[in-house]
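**Q** Please find one structure pasted underneath; my questions will follow.
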Amino acid sequence: MVTQEQRKRQLAREKFLRQQQRRTSARRRARMRNSVIASVLGVIVIGSVALYTTGVLKDDDKKASASAETSPSAKAPSKAPDPCEKAAPGSVKKLTWKKEPALTVDKSAKYTMKLATTCGEIDVALKAAAAPHTVNSFDFLAGKGYFDHTKCHRLTTNGIYVLQCGDPTGSGSGGPGYTIPDENLKDKSLKSNVYPAGTIAMANTGQAHTGGSQFFLVYQDSQLPPSYTPFGTVSASGMKVLKKIAAAGESTGGGDGAPNATVVINKATVTKS
């Protein structure tokens, strides 16, 4: 017999997947529309589409989607104090490429990624041998300064417990212009469809092999289908930073929205050792 808590988690997962499907459809419609609109109007349309199509645990931002599903009459939740510091000077580069970078990662070497954020440093041990395309892409993007000055745009606090980052547009619909294959979906850490706390995994559109630059950091065990490439593990000190961000809550009060904490990646660095 299904318990109330199990049913609650099931509903949360189903809602998450529905939001991913809606975002994928919205993106497709936006691309078709933008291709026939003049460049000036195209900028305006892209801005409005970005506000509408939030949400990817994968390319996953659901900030707008969550807001749309919240009753218009609901009172705005009171925000906890922002536990983070002011962002470092600088602006997002918003670079794009036509194809995945050449695979140059050394599968036998150890790679670590450091996210120097406004809320503290988050260190990640990367799994180059198990997810070479993913680690190679992050090494490439970090080296280009792609993640620098970007906001972590989504925090979920109900059903699944993740902080999502990696979108230069901050809307949940941005990416590097290329996609990478899914990898390591049978990682031994994924048991009973649970992504354990400390996992860093790729966001995607809900379809296979659609990962780009967006990723999510799991701060509490989260039940999800094994469809999101797990490619690293957050350090103990990094988990403290994630817990601090989660404790500040999210903007909608519904468990899925922009984090109340101002989480900005001042600098992302991948190091080989």
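Chain labels A, B, ... are given in the sequence in which chains occur in the structure tokens; within each chain residues are numbered consecutively from 1, and ligands are likewise numbered from 1 in the order shown.
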Can you list, as a list in words, every protein, DNA or RNA residue that comes within 12 Å of A:Lys272 when you count only C-alpha atoms, leaving out same-chain residues fewer than 4 positions away?
**A**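 My list of contacting residues is Thr104, Val105, Asp106, Lys107, Ser108, Ala109, Lys110, Tyr111, Thr112, Met113, Lys114, Ala125, Leu126, Lys127, Ala128, Val135, Asn136 and Asp139 of chain A.
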**Q** Can you write just those residues out, all heavy atoms, as a short mmCIF file (atom, residue, chain, number, x, y, z; two decimals), in the first residue's frame?
**A**
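Ended up saving to result31.cif:
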```cif
data_model
loop_
_atom_site.label_atom_id
_atom_site.label_comp_id
_atom_site.auth_asym_id
_atom_site.auth_seq_id
_atom_site.Cartn_x
_atom_site.Cartn_y
_atom_site.Cartn_z
N THR A 104 39.41 15.69 -24.89
CA THR A 104 40.83 15.70 -24.53
C THR A 104 41.08 15.34 -23.07
O THR A 104 42.22 15.30 -22.63
CB THR A 104 41.43 17.10 -24.79
OG1 THR A 104 40.72 18.07 -24.01
CG2 THR A 104 41.33 17.47 -26.26
N VAL A 105 40.01 15.08 -22.32
CA VAL A 105 40.16 14.77 -20.91
C VAL A 105 40.94 13.47 -20.73
O VAL A 105 40.81 12.53 -21.53
CB VAL A 105 38.77 14.67 -20.24
CG1 VAL A 105 38.03 13.43 -20.70
CG2 VAL A 105 38.91 14.65 -18.72
N ASP A 106 41.76 13.43 -19.71
CA ASP A 106 42.55 12.24 -19.38
C ASP A 106 41.72 11.38 -18.42
O ASP A 106 41.54 11.73 -17.25
CB ASP A 106 43.86 12.66 -18.72
CG ASP A 106 44.77 11.49 -18.41
OD1 ASP A 106 44.35 10.33 -18.57
OD2 ASP A 106 45.92 11.74 -17.99
N LYS A 107 41.22 10.27 -18.91
CA LYS A 107 40.33 9.42 -18.10
C LYS A 107 41.03 8.81 -16.89
O LYS A 107 40.37 8.39 -15.93
CB LYS A 107 39.73 8.31 -18.97
CG LYS A 107 38.87 8.81 -20.10
CD LYS A 107 38.33 7.64 -20.92
CE LYS A 107 37.54 8.11 -22.13
NZ LYS A 107 37.02 6.98 -22.92
N SER A 108 42.34 8.76 -16.94
CA SER A 108 43.09 8.14 -15.83
C SER A 108 43.48 9.15 -14.76
O SER A 108 44.01 8.78 -13.71
CB SER A 108 44.34 7.45 -16.37
OG SER A 108 45.24 8.39 -16.95
N ALA A 109 43.23 10.43 -15.03
CA ALA A 109 43.64 11.48 -14.09
C ALA A 109 42.48 11.88 -13.17
O ALA A 109 41.32 11.54 -13.42
CB ALA A 109 44.13 12.71 -14.86
N LYS A 110 42.82 12.60 -12.12
CA LYS A 110 41.81 13.11 -11.21
C LYS A 110 41.53 14.58 -11.55
O LYS A 110 42.45 15.36 -11.79
CB LYS A 110 42.29 13.00 -9.76
CG LYS A 110 42.41 11.57 -9.25
CD LYS A 110 42.81 11.55 -7.77
CE LYS A 110 42.89 10.13 -7.26
NZ LYS A 110 43.27 10.08 -5.80
N TYR A 111 40.26 14.92 -11.57
CA TYR A 111 39.85 16.30 -11.84
C TYR A 111 38.97 16.80 -10.71
O TYR A 111 38.13 16.05 -10.18
CB TYR A 111 39.07 16.39 -13.15
CG TYR A 111 39.90 16.19 -14.40
CD1 TYR A 111 40.22 14.91 -14.85
CD2 TYR A 111 40.36 17.27 -15.14
CE1 TYR A 111 40.97 14.71 -16.00
CE2 TYR A 111 41.11 17.09 -16.30
CZ TYR A 111 41.41 15.81 -16.72
OH TYR A 111 42.15 15.62 -17.86
N THR A 112 39.17 18.03 -10.34
CA THR A 112 38.31 18.66 -9.34
C THR A 112 37.78 19.98 -9.90
O THR A 112 38.44 20.63 -10.71
CB THR A 112 39.08 18.95 -8.04
OG1 THR A 112 40.23 19.76 -8.33
CG2 THR A 112 39.53 17.66 -7.36
N MET A 113 36.60 20.34 -9.47
CA MET A 113 36.02 21.62 -9.87
C MET A 113 35.75 22.45 -8.63
O MET A 113 35.23 21.95 -7.64
CB MET A 113 34.71 21.41 -10.64
CG MET A 113 34.05 22.72 -11.08
SD MET A 113 32.71 22.49 -12.31
CE MET A 113 31.51 21.55 -11.33
N LYS A 114 36.15 23.70 -8.69
CA LYS A 114 35.90 24.62 -7.60
C LYS A 114 34.93 25.69 -8.07
O LYS A 114 35.19 26.39 -9.06
CB LYS A 114 37.20 25.26 -7.11
CG LYS A 114 37.01 26.22 -5.93
CD LYS A 114 38.32 26.91 -5.55
CE LYS A 114 39.33 25.92 -5.02
NZ LYS A 114 38.89 25.35 -3.71
N ALA A 125 34.64 16.67 -6.57
CA ALA A 125 35.52 15.67 -7.17
C ALA A 125 34.81 15.12 -8.39
O ALA A 125 33.71 14.56 -8.28
CB ALA A 125 35.81 14.55 -6.16
N LEU A 126 35.40 15.31 -9.57
CA LEU A 126 34.75 14.92 -10.82
C LEU A 126 35.09 13.48 -11.21
O LEU A 126 36.17 12.97 -10.88
CB LEU A 126 35.19 15.87 -11.94
CG LEU A 126 34.84 17.35 -11.72
CD1 LEU A 126 35.43 18.21 -12.83
CD2 LEU A 126 33.32 17.53 -11.65
N LYS A 127 34.16 12.83 -11.93
CA LYS A 127 34.32 11.43 -12.33
C LYS A 127 34.70 11.35 -13.81
O LYS A 127 33.87 11.04 -14.67
CB LYS A 127 33.03 10.67 -12.05
CG LYS A 127 32.62 10.67 -10.57
CD LYS A 127 31.33 9.88 -10.35
CE LYS A 127 30.96 9.86 -8.87
NZ LYS A 127 29.74 9.05 -8.60
N ALA A 128 35.96 11.64 -14.09
CA ALA A 128 36.41 11.68 -15.48
C ALA A 128 36.32 10.33 -16.17
O ALA A 128 35.98 10.25 -17.36
CB ALA A 128 37.84 12.20 -15.54
N VAL A 135 32.78 15.68 -18.05
CA VAL A 135 33.91 16.34 -17.40
C VAL A 135 34.71 17.15 -18.41
O VAL A 135 35.15 18.27 -18.14
CB VAL A 135 34.80 15.30 -16.69
CG1 VAL A 135 36.07 15.96 -16.15
CG2 VAL A 135 34.03 14.63 -15.55
N ASN A 136 34.87 16.61 -19.61
CA ASN A 136 35.59 17.33 -20.67
C ASN A 136 34.89 18.64 -21.00
O ASN A 136 35.52 19.69 -21.17
CB ASN A 136 35.67 16.45 -21.91
CG ASN A 136 36.51 17.06 -23.02
OD1 ASN A 136 37.73 17.11 -22.93
ND2 ASN A 136 35.86 17.55 -24.07
N ASP A 139 35.40 21.13 -18.16
CA ASP A 139 36.77 21.63 -18.22
C ASP A 139 36.88 22.72 -19.29
O ASP A 139 37.48 23.79 -19.08
CB ASP A 139 37.72 20.47 -18.52
CG ASP A 139 39.19 20.87 -18.46
OD1 ASP A 139 39.51 21.86 -17.77
OD2 ASP A 139 40.02 20.19 -19.11
#
```
**Q** Pull the alpha helix (DSSP H) assignments for stretch 76-175 of chain A out of DSSP run on the backbone, and list those residues as a PyMOL selection string.
**A** chain A and resi 132-143
**Q** May I ask which of the residues A:Gly175, A:Gly232, A:Gly238, A:Gly255 is the closest one to A:Thr210, counting only C-alpha atoms?
**A**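 Result for the nearest residue to A:Thr210: A:Gly175.
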**Q** Closest to A:Pro89 among A:Met202, A:Pro225, A:Thr150, A:Ala248, using only C-alpha atoms?
**A**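 With only C-alpha atoms as the atom set, the closest residue is A:Thr150.
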**Q** Given only C-alpha atoms as the basis, pick out the residue of A:His133, A:Asp221, A:Asn266, A:His149 nearest to A:His209.
**A**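 Using only C-alpha atoms, A:His209 sits closest to A:His133.
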**Q** Counting only C-alpha atoms, which of A:Thr229, A:Ala102, A:Val263, A:Ser137 gets nearest to A:Ala88?
**A**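 Nearest candidate to A:Ala88 out of A:Thr229, A:Ala102, A:Val263, A:Ser137: A:Val263.
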**Q** Suppose you want the space between atom CA of A:Leu242 and atom CA of A:Tyr161; what is it in Å?
**A**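 Between atom CA of A:Leu242 and atom CA of A:Tyr161 the gap works out to 10.3 Å.
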**Q** Could you check the closest approach to A:Ile122 for each of A:Tyr219, A:Trp97, A:Tyr178, A:Tyr228 and tell me which residue wins, using only C-alpha atoms?
**A** A:Tyr219
**Q** Excluding A:Glu121 and its own-chain neighbours fewer than 4 positions away, which residues fall within 12 Å of it when counting only C-alpha atoms? Please give them as a list in words.
**A**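 Here the qualifying residues turn out to be Cys84, Met113, Lys114, Leu115, Ala116, Thr117, Val234, Ser235, Ala236, Ser237, Gly238, Met239, Lys240, Val241, Leu242, Lys244, Val263, Val264, Ile265, Asn266, Lys267, Ala268 and Thr269 of chain A.
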**Q** Could the residues in this selection be saved with C-alpha atoms as a PDB file, in the first residue's frame?
**A**
```
ATOM      1  CA  CYS A  84      25.407  35.360   0.894  1.00  0.00           C
ATOM      2  CA  MET A 113      36.021  21.616  -9.874  1.00  0.00           C
ATOM      3  CA  LYS A 114      35.902  24.624  -7.597  1.00  0.00           C
ATOM      4  CA  LEU A 115      32.848  26.869  -7.641  1.00  0.00           C
ATOM      5  CA  ALA A 116      33.760  30.099  -5.879  1.00  0.00           C
ATOM      6  CA  THR A 117      30.292  31.418  -5.069  1.00  0.00           C
ATOM      7  CA  VAL A 234      30.498  17.566  -3.501  1.00  0.00           C
ATOM      8  CA  SER A 235      32.954  17.911  -0.624  1.00  0.00           C
ATOM      9  CA  ALA A 236      31.850  18.081   3.015  1.00  0.00           C
ATOM     10  CA  SER A 237      32.612  21.804   3.163  1.00  0.00           C
ATOM     11  CA  GLY A 238      30.674  22.321  -0.058  1.00  0.00           C
ATOM     12  CA  MET A 239      27.674  20.536   1.449  1.00  0.00           C
ATOM     13  CA  LYS A 240      27.648  23.057   4.294  1.00  0.00           C
ATOM     14  CA  VAL A 241      27.379  25.831   1.720  1.00  0.00           C
ATOM     15  CA  LEU A 242      24.495  24.048  -0.030  1.00  0.00           C
ATOM     16  CA  LYS A 244      23.037  27.247   4.037  1.00  0.00           C
ATOM     17  CA  VAL A 263      23.884  32.490  -5.327  1.00  0.00           C
ATOM     18  CA  VAL A 264      26.339  33.705  -7.950  1.00  0.00           C
ATOM     19  CA  ILE A 265      29.296  31.717  -9.249  1.00  0.00           C
ATOM     20  CA  ASN A 266      32.051  34.308  -9.190  1.00  0.00           C
ATOM     21  CA  LYS A 267      34.527  31.876 -10.715  1.00  0.00           C
ATOM     22  CA  ALA A 268      34.483  28.219 -11.810  1.00  0.00           C
ATOM     23  CA  THR A 269      37.789  26.338 -12.108  1.00  0.00           C
TER      24      THR A 269
END
```
**Q** For A:Lys191, please output as an NGL selection string all residues within 12 Å (counting only C-alpha atoms; exclusion window: fewer than 6 positions along the same chain).
**A** :A and (185 or 221-226)
**Q** Could you save the residues just selected, with all heavy atoms, as a PDB file, in the first residue's frame?
**A**
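Once written, part-v4.pdb looks like this:
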```pdb
ATOM      1  N   LEU A 185      24.819   6.482 -16.096  1.00  0.00           N
ATOM      2  CA  LEU A 185      23.468   6.379 -15.536  1.00  0.00           C
ATOM      3  C   LEU A 185      23.285   5.130 -14.661  1.00  0.00           C
ATOM      4  O   LEU A 185      22.242   4.981 -14.027  1.00  0.00           O
ATOM      5  CB  LEU A 185      22.431   6.389 -16.657  1.00  0.00           C
ATOM      6  CG  LEU A 185      22.406   7.665 -17.508  1.00  0.00           C
ATOM      7  CD1 LEU A 185      21.286   7.582 -18.539  1.00  0.00           C
ATOM      8  CD2 LEU A 185      22.256   8.908 -16.636  1.00  0.00           C
ATOM      9  N   ASP A 221      19.000  13.673  -0.100  1.00  0.00           N
ATOM     10  CA  ASP A 221      18.624  12.550  -0.957  1.00  0.00           C
ATOM     11  C   ASP A 221      17.339  12.862  -1.717  1.00  0.00           C
ATOM     12  O   ASP A 221      16.336  13.286  -1.124  1.00  0.00           O
ATOM     13  CB  ASP A 221      18.402  11.289  -0.118  1.00  0.00           C
ATOM     14  CG  ASP A 221      19.713  10.725   0.435  1.00  0.00           C
ATOM     15  OD1 ASP A 221      20.766  11.335   0.196  1.00  0.00           O
ATOM     16  OD2 ASP A 221      19.663   9.684   1.119  1.00  0.00           O
ATOM     17  N   SER A 222      17.361  12.627  -3.042  1.00  0.00           N
ATOM     18  CA  SER A 222      16.227  12.980  -3.894  1.00  0.00           C
ATOM     19  C   SER A 222      15.903  11.822  -4.827  1.00  0.00           C
ATOM     20  O   SER A 222      16.781  11.302  -5.524  1.00  0.00           O
ATOM     21  CB  SER A 222      16.543  14.222  -4.727  1.00  0.00           C
ATOM     22  OG  SER A 222      16.781  15.347  -3.898  1.00  0.00           O
ATOM     23  N   GLN A 223      14.636  11.434  -4.848  1.00  0.00           N
ATOM     24  CA  GLN A 223      14.216  10.333  -5.710  1.00  0.00           C
ATOM     25  C   GLN A 223      13.894  10.858  -7.103  1.00  0.00           C
ATOM     26  O   GLN A 223      12.995  11.669  -7.300  1.00  0.00           O
ATOM     27  CB  GLN A 223      12.997   9.615  -5.120  1.00  0.00           C
ATOM     28  CG  GLN A 223      12.685   8.299  -5.813  1.00  0.00           C
ATOM     29  CD  GLN A 223      11.828   7.391  -4.952  1.00  0.00           C
ATOM     30  OE1 GLN A 223      11.080   7.860  -4.109  1.00  0.00           O
ATOM     31  NE2 GLN A 223      11.935   6.085  -5.170  1.00  0.00           N
ATOM     32  N   LEU A 224      14.662  10.382  -8.066  1.00  0.00           N
ATOM     33  CA  LEU A 224      14.529  10.797  -9.460  1.00  0.00           C
ATOM     34  C   LEU A 224      14.845   9.609 -10.358  1.00  0.00           C
ATOM     35  O   LEU A 224      15.623   8.727  -9.977  1.00  0.00           O
ATOM     36  CB  LEU A 224      15.518  11.926  -9.786  1.00  0.00           C
ATOM     37  CG  LEU A 224      15.214  13.328  -9.244  1.00  0.00           C
ATOM     38  CD1 LEU A 224      16.462  14.196  -9.334  1.00  0.00           C
ATOM     39  CD2 LEU A 224      14.078  13.957 -10.041  1.00  0.00           C
ATOM     40  N   PRO A 225      14.270   9.569 -11.550  1.00  0.00           N
ATOM     41  CA  PRO A 225      14.652   8.501 -12.478  1.00  0.00           C
ATOM     42  C   PRO A 225      16.111   8.664 -12.870  1.00  0.00           C
ATOM     43  O   PRO A 225      16.615   9.795 -12.950  1.00  0.00           O
ATOM     44  CB  PRO A 225      13.713   8.738 -13.673  1.00  0.00           C
ATOM     45  CG  PRO A 225      13.323  10.174 -13.588  1.00  0.00           C
ATOM     46  CD  PRO A 225      13.250  10.475 -12.120  1.00  0.00           C
ATOM     47  N   PRO A 226      16.829   7.575 -13.104  1.00  0.00           N
ATOM     48  CA  PRO A 226      18.255   7.659 -13.437  1.00  0.00           C
ATOM     49  C   PRO A 226      18.465   8.147 -14.873  1.00  0.00           C
ATOM     50  O   PRO A 226      18.982   7.424 -15.723  1.00  0.00           O
ATOM     51  CB  PRO A 226      18.736   6.217 -13.234  1.00  0.00           C
ATOM     52  CG  PRO A 226      17.526   5.394 -13.552  1.00  0.00           C
ATOM     53  CD  PRO A 226      16.357   6.181 -13.036  1.00  0.00           C
TER      54      PRO A 226
END
```
**Q** Do you have the atom CA of A:Asp123-atom CA of A:Ala247 distance handy?
**A** 19.5 Å
**Q** Could you work out how far atom CA of A:Ala130 lies from atom CA of A:Leu103, giving the answer in Å with one decimal?
**A**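 Interatomic distance here is 13.7 Å.
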**Q** Residues near A:Ile160, anyone? I mean within 10 Å using only C-alpha atoms, not counting same-chain ones fewer than 2 positions away, as a list in words.
**A** Arg9, Ala12, Arg13, Phe16, Leu155, Thr156, Thr157, Asn158, Val162, Leu163, Val194, Tyr195, Val218, Tyr219, Gln220, Asp221, Ser222, Gln223, Leu224, Gly255 and Asp256 of chain A
**Q** Restricting the calculation to only C-alpha atoms, which member of A:Asn260, A:Thr233, A:Asn193, A:Thr179 is positioned closest to A:Gln207?
**A**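 For A:Gln207, the nearest of the candidates is A:Thr179.
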